$ cat structure.txt   # compact mmCIF, C-alpha atoms
# COMPACT_ATOMS: atom_id res chain seq x y z
CA MET A 1 44.24 94.68 216.10
CA LEU A 2 40.54 94.37 215.33
CA LEU A 3 37.45 96.06 216.75
CA ASN A 4 34.63 93.56 216.23
CA LYS A 5 31.74 95.27 218.05
CA LEU A 6 31.16 98.76 219.40
CA SER A 7 28.40 99.90 221.76
CA ILE A 8 27.80 103.63 222.28
CA LEU A 9 25.44 105.23 224.78
CA ASN A 10 25.07 109.01 225.14
CA TYR A 11 28.44 109.86 223.62
CA LYS A 12 28.38 113.36 222.11
CA ASN A 13 25.39 113.44 219.70
CA ILE A 14 24.97 109.66 219.54
CA ALA A 15 22.17 108.50 221.81
CA GLU A 16 22.68 104.79 221.20
CA ALA A 17 24.41 102.58 218.65
CA GLN A 18 25.26 98.89 218.41
CA LEU A 19 27.72 98.36 215.57
CA ARG A 20 29.46 95.30 214.14
CA PHE A 21 32.52 95.88 211.99
CA CYS A 22 34.39 93.90 209.36
CA PRO A 23 38.17 93.32 209.47
CA GLY A 24 38.64 95.43 206.34
CA ILE A 25 37.30 98.91 205.56
CA ASN A 26 34.40 100.39 207.55
CA CYS A 27 32.94 103.57 206.04
CA PHE A 28 30.72 106.19 207.66
CA VAL A 29 28.88 108.47 205.25
CA GLY A 30 26.86 111.53 206.18
CA ASN A 31 26.64 115.30 206.17
CA ASN A 32 28.96 117.49 208.22
CA GLY A 33 27.83 117.51 211.85
CA ALA A 34 25.90 114.24 211.53
CA GLY A 35 28.14 112.41 214.01
CA LYS A 36 30.63 110.53 211.82
CA THR A 37 33.63 111.97 213.62
CA ASN A 38 32.04 111.16 216.98
CA ILE A 39 32.08 107.46 216.12
CA LEU A 40 35.79 107.61 215.38
CA ASP A 41 36.29 109.58 218.58
CA SER A 42 34.53 106.90 220.63
CA ILE A 43 36.93 104.29 219.20
CA TYR A 44 39.87 106.57 220.02
CA TYR A 45 38.51 106.98 223.57
CA LEU A 46 38.47 103.21 224.14
CA ALA A 47 42.08 103.00 222.92
CA CYS A 48 43.52 106.10 224.60
CA THR A 49 41.24 106.70 227.65
CA LYS A 50 40.19 110.18 226.49
CA SER A 51 38.55 112.10 223.66
CA ARG A 52 40.76 113.15 220.76
CA SER A 53 38.93 116.50 220.73
CA GLY A 54 40.47 117.51 224.06
CA LEU A 55 37.09 117.72 225.80
CA ILE A 56 36.92 116.51 229.39
CA ASP A 57 34.63 113.60 230.25
CA SER A 58 31.69 115.73 231.38
CA GLN A 59 31.73 117.54 228.04
CA VAL A 60 31.38 114.42 225.88
CA VAL A 61 28.16 113.33 227.60
CA ARG A 62 25.23 113.79 225.24
CA HIS A 63 23.34 117.02 225.91
CA GLY A 64 20.60 116.53 228.50
CA GLU A 65 22.01 113.23 229.80
CA GLN A 66 23.98 112.45 232.97
CA MET A 67 26.31 109.70 231.79
CA PHE A 68 27.91 107.95 228.82
CA MET A 69 29.10 104.40 228.26
CA LEU A 70 31.32 102.83 225.61
CA GLU A 71 32.11 99.18 225.08
CA GLY A 72 34.33 97.54 222.48
CA ASP A 73 35.07 93.90 221.74
CA PHE A 74 38.63 93.67 220.42
CA THR A 75 40.89 90.96 219.05
CA ILE A 76 44.57 91.46 219.86
CA GLU A 77 47.02 89.78 217.50
CA ALA A 78 50.32 89.77 219.45
CA PRO A 79 52.14 88.30 221.27
CA VAL A 80 49.31 85.74 221.04
CA GLU A 81 45.81 86.25 219.67
CA ASP A 82 43.35 87.13 222.41
CA SER A 83 39.88 88.65 222.80
CA ILE A 84 39.25 91.48 225.26
CA LYS A 85 36.29 93.69 226.17
CA ILE A 86 37.09 97.31 226.97
CA GLN A 87 34.45 99.32 228.85
CA ALA A 88 34.56 103.04 229.61
CA GLY A 89 32.01 105.18 231.36
CA TYR A 90 31.41 108.42 233.19
CA LYS A 91 28.57 109.65 235.39
CA ALA A 92 28.02 113.30 236.33
CA GLY A 93 29.48 114.01 239.75
CA GLY A 94 31.55 110.85 239.68
CA ARG A 95 34.75 109.74 238.05
CA LYS A 96 35.64 107.90 234.90
CA SER A 97 35.67 104.09 235.02
CA PHE A 98 37.81 102.05 232.66
CA ARG A 99 37.75 98.25 232.57
CA ASN A 100 39.58 95.53 230.68
CA SER A 101 37.48 92.34 230.54
CA GLY A 102 35.68 93.35 233.73
CA LYS A 103 38.77 94.38 235.72
CA GLU A 104 39.07 98.09 236.48
CA TYR A 105 42.40 99.78 235.91
CA GLN A 106 44.12 101.27 238.93
CA ARG A 107 46.14 103.52 236.62
CA LEU A 108 44.90 104.60 233.19
CA ALA A 109 48.54 104.66 232.07
CA ASP A 110 48.49 100.85 232.23
CA HIS A 111 45.99 100.79 229.34
CA ILE A 112 47.96 103.01 226.96
CA GLY A 113 49.56 100.99 224.18
CA LEU A 114 47.32 97.93 224.55
CA ILE A 115 45.21 99.04 221.57
CA PRO A 116 47.46 100.89 219.11
CA VAL A 117 45.56 103.43 217.06
CA VAL A 118 46.40 106.09 214.47
CA ILE A 119 43.90 108.82 213.69
CA VAL A 120 44.02 111.29 210.81
CA SER A 121 41.64 114.25 211.08
CA PRO A 122 41.28 117.91 210.04
CA SER A 123 42.47 118.97 213.51
CA ASP A 124 45.92 117.61 212.61
CA SER A 125 46.54 120.91 210.84
CA SER A 126 47.50 122.29 214.26
CA LEU A 127 50.68 120.19 214.06
CA ILE A 128 51.91 122.57 211.40
CA SER A 129 50.21 125.86 212.19
CA ASP A 130 50.10 126.02 215.99
CA PHE A 131 52.64 126.10 218.80
CA SER A 132 55.24 123.44 219.62
CA ASP A 133 52.95 121.87 222.28
CA ASN A 134 51.03 119.97 219.60
CA ARG A 135 54.17 118.65 217.94
CA ARG A 136 55.52 117.45 221.30
CA ARG A 137 52.20 115.76 221.99
CA PHE A 138 52.47 113.96 218.65
CA ILE A 139 55.92 112.60 219.56
CA ASP A 140 54.80 111.70 223.09
CA PHE A 141 51.67 109.93 221.85
CA VAL A 142 53.58 107.71 219.43
CA ILE A 143 56.38 106.75 221.84
CA SER A 144 53.95 106.17 224.73
CA GLN A 145 52.10 103.55 222.67
CA TYR A 146 55.16 101.30 222.63
CA SER A 147 57.17 102.37 225.70
CA LYS A 148 55.57 102.22 229.14
CA GLU A 149 58.85 103.43 230.64
CA TYR A 150 58.70 106.57 228.51
CA LEU A 151 55.11 107.29 229.52
CA LEU A 152 55.96 106.96 233.23
CA HIS A 153 58.98 109.29 232.83
CA LEU A 154 56.72 111.77 231.04
CA ILE A 155 54.08 111.67 233.78
CA LYS A 156 56.78 112.11 236.45
CA TYR A 157 58.46 114.97 234.60
CA ASN A 158 55.20 116.87 234.13
CA LYS A 159 54.39 116.56 237.84
CA LEU A 160 57.84 117.85 238.77
CA LEU A 161 57.49 120.69 236.27
CA GLN A 162 54.19 121.70 237.89
CA GLN A 163 55.89 121.53 241.30
CA ARG A 164 58.79 123.75 240.21
CA ASN A 165 56.46 126.24 238.51
CA SER A 166 54.35 126.39 241.67
CA MET A 167 57.43 127.22 243.75
CA LEU A 168 58.45 129.88 241.25
CA LYS A 169 55.01 131.51 241.30
CA GLN A 170 55.04 131.52 245.09
CA GLN A 171 58.49 133.19 244.92
CA ILE A 172 60.02 130.47 247.11
CA ASP A 173 63.74 131.22 247.27
CA ASP A 174 65.18 128.04 248.75
CA ASP A 175 68.03 126.57 246.70
CA THR A 176 67.82 123.18 248.42
CA MET A 177 64.16 122.70 247.43
CA TYR A 178 64.93 123.59 243.82
CA GLU A 179 67.99 121.35 243.70
CA VAL A 180 65.98 118.30 244.82
CA CYS A 181 63.25 119.00 242.26
CA GLU A 182 65.68 119.80 239.45
CA ALA A 183 67.75 116.66 239.99
CA GLN A 184 64.63 114.53 239.54
CA MET A 185 63.51 116.60 236.52
CA ALA A 186 66.92 116.11 234.93
CA ALA A 187 66.82 112.34 235.51
CA SER A 188 63.42 111.85 233.83
CA GLY A 189 63.96 114.63 231.30
CA SER A 190 67.21 113.13 230.06
CA GLU A 191 65.51 109.77 229.43
CA ILE A 192 62.70 111.52 227.54
CA TYR A 193 65.25 113.45 225.47
CA LYS A 194 67.12 110.30 224.48
CA ALA A 195 63.92 108.47 223.53
CA ARG A 196 62.63 111.42 221.46
CA LYS A 197 65.95 111.84 219.66
CA LYS A 198 66.11 108.14 218.77
CA PHE A 199 62.47 108.11 217.66
CA VAL A 200 62.72 111.12 215.33
CA SER A 201 65.93 109.78 213.78
CA GLU A 202 64.24 106.48 212.89
CA PHE A 203 60.80 107.91 212.14
CA SER A 204 62.01 110.56 209.69
CA LYS A 205 63.11 107.90 207.19
CA VAL A 206 59.65 106.31 207.15
CA PHE A 207 58.01 109.75 206.89
CA ASN A 208 60.15 110.80 203.91
CA ALA A 209 59.31 107.60 202.05
CA TYR A 210 55.56 108.20 202.42
CA TYR A 211 55.82 111.84 201.36
CA LYS A 212 57.58 110.78 198.18
CA LYS A 213 54.81 108.27 197.43
CA ILE A 214 51.94 110.71 197.93
CA SER A 215 53.56 113.69 196.17
CA ASP A 216 55.09 111.67 193.32
CA ASP A 217 58.45 112.95 194.59
CA LYS A 218 57.56 116.54 193.63
CA GLU A 219 58.95 118.18 196.77
CA SER A 220 61.73 117.60 199.28
CA VAL A 221 60.69 117.60 202.95
CA SER A 222 62.32 116.89 206.30
CA ILE A 223 61.63 116.74 210.03
CA ALA A 224 64.19 117.32 212.80
CA TYR A 225 64.12 117.20 216.59
CA LYS A 226 65.09 120.44 218.34
CA SER A 227 65.80 120.53 222.08
CA GLN A 228 67.53 122.76 224.61
CA LEU A 229 69.22 119.60 225.87
CA ASP A 230 71.25 119.58 222.66
CA ASP A 231 73.34 122.27 224.39
CA GLY A 232 74.37 120.08 227.31
CA ASN A 233 73.67 119.30 230.97
CA PHE A 234 69.99 119.66 231.81
CA GLU A 235 70.38 120.04 235.58
CA GLY A 236 72.98 122.76 235.02
CA GLN A 237 70.64 124.63 232.67
CA LEU A 238 67.85 124.56 235.26
CA SER A 239 70.19 125.84 237.97
CA LEU A 240 71.54 128.68 235.81
CA ALA A 241 68.04 129.75 234.78
CA ARG A 242 66.63 129.76 238.33
CA ARG A 243 67.02 133.52 238.96
CA VAL A 244 65.37 134.41 235.65
CA ASP A 245 62.64 131.81 236.21
CA LEU A 246 61.85 133.36 239.60
CA LEU A 247 61.27 136.70 237.89
CA LEU A 248 59.10 135.15 235.13
CA GLY A 249 57.23 132.69 237.35
CA HIS A 250 57.76 129.65 235.13
CA THR A 251 60.43 127.20 233.96
CA THR A 252 62.20 128.36 230.81
CA LYS A 253 64.53 125.40 230.28
CA GLY A 254 63.67 121.78 229.70
CA ILE A 255 62.24 119.12 227.42
CA HIS A 256 58.82 120.83 227.68
CA LYS A 257 60.29 123.37 225.24
CA ASP A 258 61.25 120.78 222.59
CA ASP A 259 59.96 121.09 219.05
CA LEU A 260 59.71 119.10 215.82
CA GLU A 261 61.00 121.22 212.97
CA MET A 262 59.02 120.66 209.76
CA MET A 263 60.60 121.77 206.51
CA ILE A 264 59.75 121.80 202.81
CA GLY A 265 62.91 122.49 200.91
CA GLU A 266 64.80 125.07 202.96
CA TRP A 267 61.68 126.69 204.43
CA GLN A 268 59.38 125.92 207.34
CA ILE A 269 56.27 124.39 205.85
CA ARG A 270 53.98 126.47 208.07
CA LYS A 271 55.27 129.58 206.28
CA VAL A 272 55.28 128.47 202.65
CA GLY A 273 53.25 125.26 202.32
CA SER A 274 50.08 125.21 200.20
CA GLN A 275 46.93 123.51 201.48
CA GLY A 276 47.72 120.43 199.41
CA GLN A 277 51.35 120.31 200.58
CA ASN A 278 50.33 120.72 204.22
CA LYS A 279 47.75 117.95 203.88
CA THR A 280 50.30 115.68 202.19
CA PHE A 281 52.81 116.42 204.96
CA LEU A 282 50.29 115.53 207.66
CA LEU A 283 49.10 112.37 205.92
CA SER A 284 52.71 111.28 205.51
CA LEU A 285 53.31 111.82 209.22
CA LYS A 286 50.28 109.71 210.08
CA PHE A 287 50.99 106.86 207.66
CA ALA A 288 54.56 106.82 208.95
CA GLU A 289 53.21 106.70 212.51
CA PHE A 290 51.15 103.66 211.52
CA GLU A 291 54.08 101.82 209.92
CA TYR A 292 56.47 102.68 212.76
CA LEU A 293 54.09 101.42 215.45
CA LYS A 294 53.40 98.26 213.46
CA ARG A 295 57.13 97.55 213.15
CA ILE A 296 58.04 98.19 216.76
CA THR A 297 55.04 96.63 218.53
CA GLY A 298 54.29 93.72 216.22
CA ARG A 299 50.63 94.79 216.27
CA THR A 300 48.71 96.35 213.40
CA PRO A 301 47.15 99.60 214.67
CA MET A 302 43.58 100.52 213.83
CA LEU A 303 43.55 103.34 211.29
CA LEU A 304 40.93 106.08 211.73
CA LEU A 305 40.63 108.39 208.70
CA ASP A 306 38.37 111.41 209.15
CA ASP A 307 37.59 113.41 206.00
CA ILE A 308 41.07 112.85 204.52
CA PHE A 309 40.28 113.64 200.86
CA ASP A 310 39.39 117.29 201.44
CA LYS A 311 41.82 119.88 199.96
CA LEU A 312 43.80 117.34 197.91
CA ASP A 313 44.19 117.50 194.13
CA ALA A 314 43.19 114.51 192.01
CA SER A 315 46.71 113.05 191.74
CA ARG A 316 47.23 113.09 195.50
CA VAL A 317 43.79 111.57 196.10
CA GLU A 318 44.79 108.83 193.67
CA GLN A 319 48.00 108.14 195.58
CA ILE A 320 46.17 108.06 198.94
CA ILE A 321 43.63 105.56 197.61
CA ARG A 322 46.45 103.43 196.21
CA ILE A 323 48.29 103.41 199.57
CA VAL A 324 45.25 102.74 201.75
CA SER A 325 43.83 100.01 199.53
CA ASN A 326 46.98 97.89 199.34
CA GLY A 327 46.03 95.65 202.26
CA GLU A 328 48.91 96.66 204.56
CA PHE A 329 46.77 98.74 206.89
CA GLY A 330 44.52 96.11 208.46
CA GLN A 331 41.22 97.43 209.82
CA ILE A 332 40.29 100.92 208.65
CA PHE A 333 37.53 103.30 209.77
CA ILE A 334 36.92 106.16 207.36
CA THR A 335 34.45 109.04 207.10
CA ASP A 336 33.37 111.17 204.16
CA THR A 337 30.45 113.36 203.15
CA ASN A 338 29.93 111.52 199.86
CA ARG A 339 30.64 108.08 198.50
CA SER A 340 32.57 108.88 195.32
CA ASN A 341 36.10 108.53 196.74
CA LEU A 342 34.98 105.74 199.05
CA ASP A 343 33.52 103.74 196.16
CA ILE A 344 36.86 103.95 194.33
CA LEU A 345 38.68 102.90 197.49
CA LEU A 346 36.37 99.95 198.10
CA LYS A 347 36.68 98.73 194.50
CA ARG A 348 40.46 98.73 194.78
CA SER A 349 40.73 97.25 198.27
CA SER A 350 42.86 94.13 198.16
CA SER A 351 40.95 92.54 201.07
CA GLY A 352 37.54 93.02 199.48
CA GLU A 353 35.95 93.24 202.94
CA PHE A 354 33.98 96.38 203.70
CA LYS A 355 30.92 97.79 205.40
CA ILE A 356 29.16 101.11 204.88
CA PHE A 357 27.20 102.95 207.56
CA ASP A 358 24.89 105.92 207.05
CA VAL A 359 25.00 108.57 209.76
CA VAL A 360 22.10 111.03 210.10
CA ASP A 361 21.76 113.31 213.15
CA GLY A 362 23.56 110.85 215.44
CA VAL A 363 21.68 107.80 214.19
CA VAL A 364 23.92 105.13 212.65
CA THR A 365 22.52 102.44 210.35
CA GLU A 366 24.31 99.85 208.26
CA ALA A 367 23.74 100.49 204.56
CA SER A 368 22.93 97.78 202.07
CA VAL A 369 25.68 97.32 199.46
$ encode --input "structure.txt" --output "structure tokens"
Amino acid sequence: MLLNKLSILNYKNIAEAQLRFCPGINCFVGNNGAGKTNILDSIYYLACTKSRSGLIDSQVVRHGEQMFMLEGDFTIEAPVEDSIKIQAGYKAGGRKSFRNSGKEYQRLADHIGLIPVVIVSPSDSSLISDFSDNRRRFIDFVISQYSKEYLLHLIKYNKLLQQRNSMLKQQIDDDTMYEVCEAQMAASGSEIYKARKKFVSEFSKVFNAYYKKISDDKESVSIAYKSQLDDGNFEGQLSLARRVDLLLGHTTKGIHKDDLEMMIGEWQIRKVGSQGQNKTFLLSLKFAEFEYLKRITGRTPMLLLDDIFDKLDASRVEQIIRIVSNGEFGQIFITDTNRSNLDILLKRSSSGEFKIFDVVDGVVTEASV
């Protein structure tokens, strides 16, 4: 997967930019707050139909403006090489538009997975430190990029969950209504459970291999899928919990309670991990995500690396540079506040193709090298 050209208009702090990229490493250098991350976020938006930051469309419009537009010219490598133009836009008071080579999508879900992307950013720390929601979103994001069926089950399940929670909050006490809803939740939820269980089982092996590489095999780590469905029949669990759920006003059983257990040795990493260990854990998750998607889709994802060298000791920085520069990662977009680590990376890059862009207060210019 290659992004050849990117046009940005009024996206976050970037008023306008017309950028051409190389197939190798594309670097964005600038101070914190200059807009480097916003460029990566615009690429993520074109791939995933939304901002990685969690902001809604009206909030990513540049301050003082009424609309934004993004356009990317991509080359897709499989099943046959093809060129596509993805356009996204939003106007205040209207709705988002999303087009593939001029044709507007009827469902945004139909776009997910077309442009595989993996992003590594400081916000990934929430995977370790925050609630299980973020870890479920990580699993869902990866699987949805290669399984349309999974994504549709997930959308259906979340709608049914909202419906059941609404009935609970309204104190509706009609067993027949709940039974109909719960049967459908169990059908989609069971498919989601099976897909997540299979994914984590396969993914964990790739993750462990990357952690060993980055840490020089200094620590033992593991990830494991935890679900209430491990205990048996989902529909039966929903039925048994109905009285309690009516008192609480929300659904206490289901795949929306699943978690990804993250361990270092015999301890949860969120409790004992150092900054360096946490960063290594997250980078290993993301590199494993990249390799897993590449294997299962036959497409090389774009890799977006935002400020990845921060809080790593010299030996781990060395290992990261060695991994990223080996030529297996295809097109890479990377940000940093200085060029020291980037210069080392570029010198070692097996492809030899790179571009450097300076970013100052939302203005992006290609640097001479």
$ closest_residue --input "structure.txt" --among "A:Thr280, A:Asn158, A:Thr297, A:Ser144" --to "Tyr211 (chain A)" --atoms "only C-alpha atoms"
A:Thr280
$ closest_residue --input "structure.txt" --among "A:Gly232, A:Gly64, A:Gly189, A:Gly35" --to "Ile255 (chain A)" --atoms "only C-alpha atoms"
A:Gly189
$ residues_around --input "structure.txt" --residues "Ile214 (chain A)" --least-positions-apart "2" --cutoff "8 Å" --atoms "only C-alpha atoms" --output "PyMOL selection string"
chain A and resi 210-212+216-217+280+284+316+319-320
$ write_last_selection --input "structure.txt" --atoms "C-alpha atoms" --output "PDB file, in the coordinates of the input"
ATOM      1  CA  TYR A 210      55.560 108.200 202.420  1.00  0.00           C
ATOM      2  CA  TYR A 211      55.820 111.840 201.360  1.00  0.00           C
ATOM      3  CA  LYS A 212      57.580 110.780 198.180  1.00  0.00           C
ATOM      4  CA  ASP A 216      55.090 111.670 193.320  1.00  0.00           C
ATOM      5  CA  ASP A 217      58.450 112.950 194.590  1.00  0.00           C
ATOM      6  CA  THR A 280      50.300 115.680 202.190  1.00  0.00           C
ATOM      7  CA  SER A 284      52.710 111.280 205.510  1.00  0.00           C
ATOM      8  CA  ARG A 316      47.230 113.090 195.500  1.00  0.00           C
ATOM      9  CA  GLN A 319      48.000 108.140 195.580  1.00  0.00           C
ATOM     10  CA  ILE A 320      46.170 108.060 198.940  1.00  0.00           C
TER      11      ILE A 320
END
$ closest_residue --input "structure.txt" --among "A:Asp259, A:Asp245, A:Asp41, A:Glu16" --to "Leu168 (chain A)" --atoms "only C-alpha atoms"
A:Asp245
$ closest_residue --input "structure.txt" --among "A:Ile43, A:Cys27, A:Ile172, A:Ile296" --to "Gly249 (chain A)" --atoms "only C-alpha atoms"
A:Ile172
$ decode --input "structure.txt" --residues "region 48-85 of chain A" --atoms "C-alpha atoms" --output "compact mmCIF listing (two decimals), in the first residue's frame"
# COMPACT_ATOMS: atom_id res chain seq x y z
CA CYS A 48 -10.25 4.71 8.72
CA THR A 49 -12.94 7.39 8.06
CA LYS A 50 -12.29 9.20 11.35
CA SER A 51 -9.64 10.98 13.39
CA ARG A 52 -7.39 8.83 15.56
CA SER A 53 -7.68 11.49 18.29
CA GLY A 54 -11.35 10.65 18.88
CA LEU A 55 -12.52 14.13 17.87
CA ILE A 56 -15.75 14.37 15.89
CA ASP A 57 -15.66 15.87 12.40
CA SER A 58 -16.67 19.37 13.45
CA GLN A 59 -13.77 19.46 15.91
CA VAL A 60 -11.04 18.71 13.36
CA VAL A 61 -11.97 21.68 11.17
CA ARG A 62 -9.29 24.36 11.42
CA HIS A 63 -10.23 27.11 13.87
CA GLY A 64 -12.20 29.89 12.17
CA GLU A 65 -13.08 27.78 9.11
CA GLN A 66 -16.32 26.03 8.14
CA MET A 67 -15.05 22.94 6.36
CA PHE A 68 -12.12 20.61 5.76
CA MET A 69 -11.11 18.45 2.81
CA LEU A 70 -8.60 15.61 2.46
CA GLU A 71 -7.55 13.81 -0.68
CA GLY A 72 -5.09 10.96 -1.11
CA ASP A 73 -3.81 9.18 -4.20
CA PHE A 74 -3.08 5.57 -3.27
CA THR A 75 -1.62 2.53 -4.98
CA ILE A 76 -3.10 -0.77 -3.80
CA GLU A 77 -0.90 -3.83 -4.28
CA ALA A 78 -3.33 -6.77 -3.92
CA PRO A 79 -5.12 -8.71 -5.28
CA VAL A 80 -3.95 -6.72 -8.33
CA GLU A 81 -2.15 -3.39 -8.39
CA ASP A 82 -4.56 -0.49 -8.76
CA SER A 83 -4.66 3.28 -8.24
CA ILE A 84 -7.45 4.92 -6.27
CA LYS A 85 -8.26 8.44 -5.10
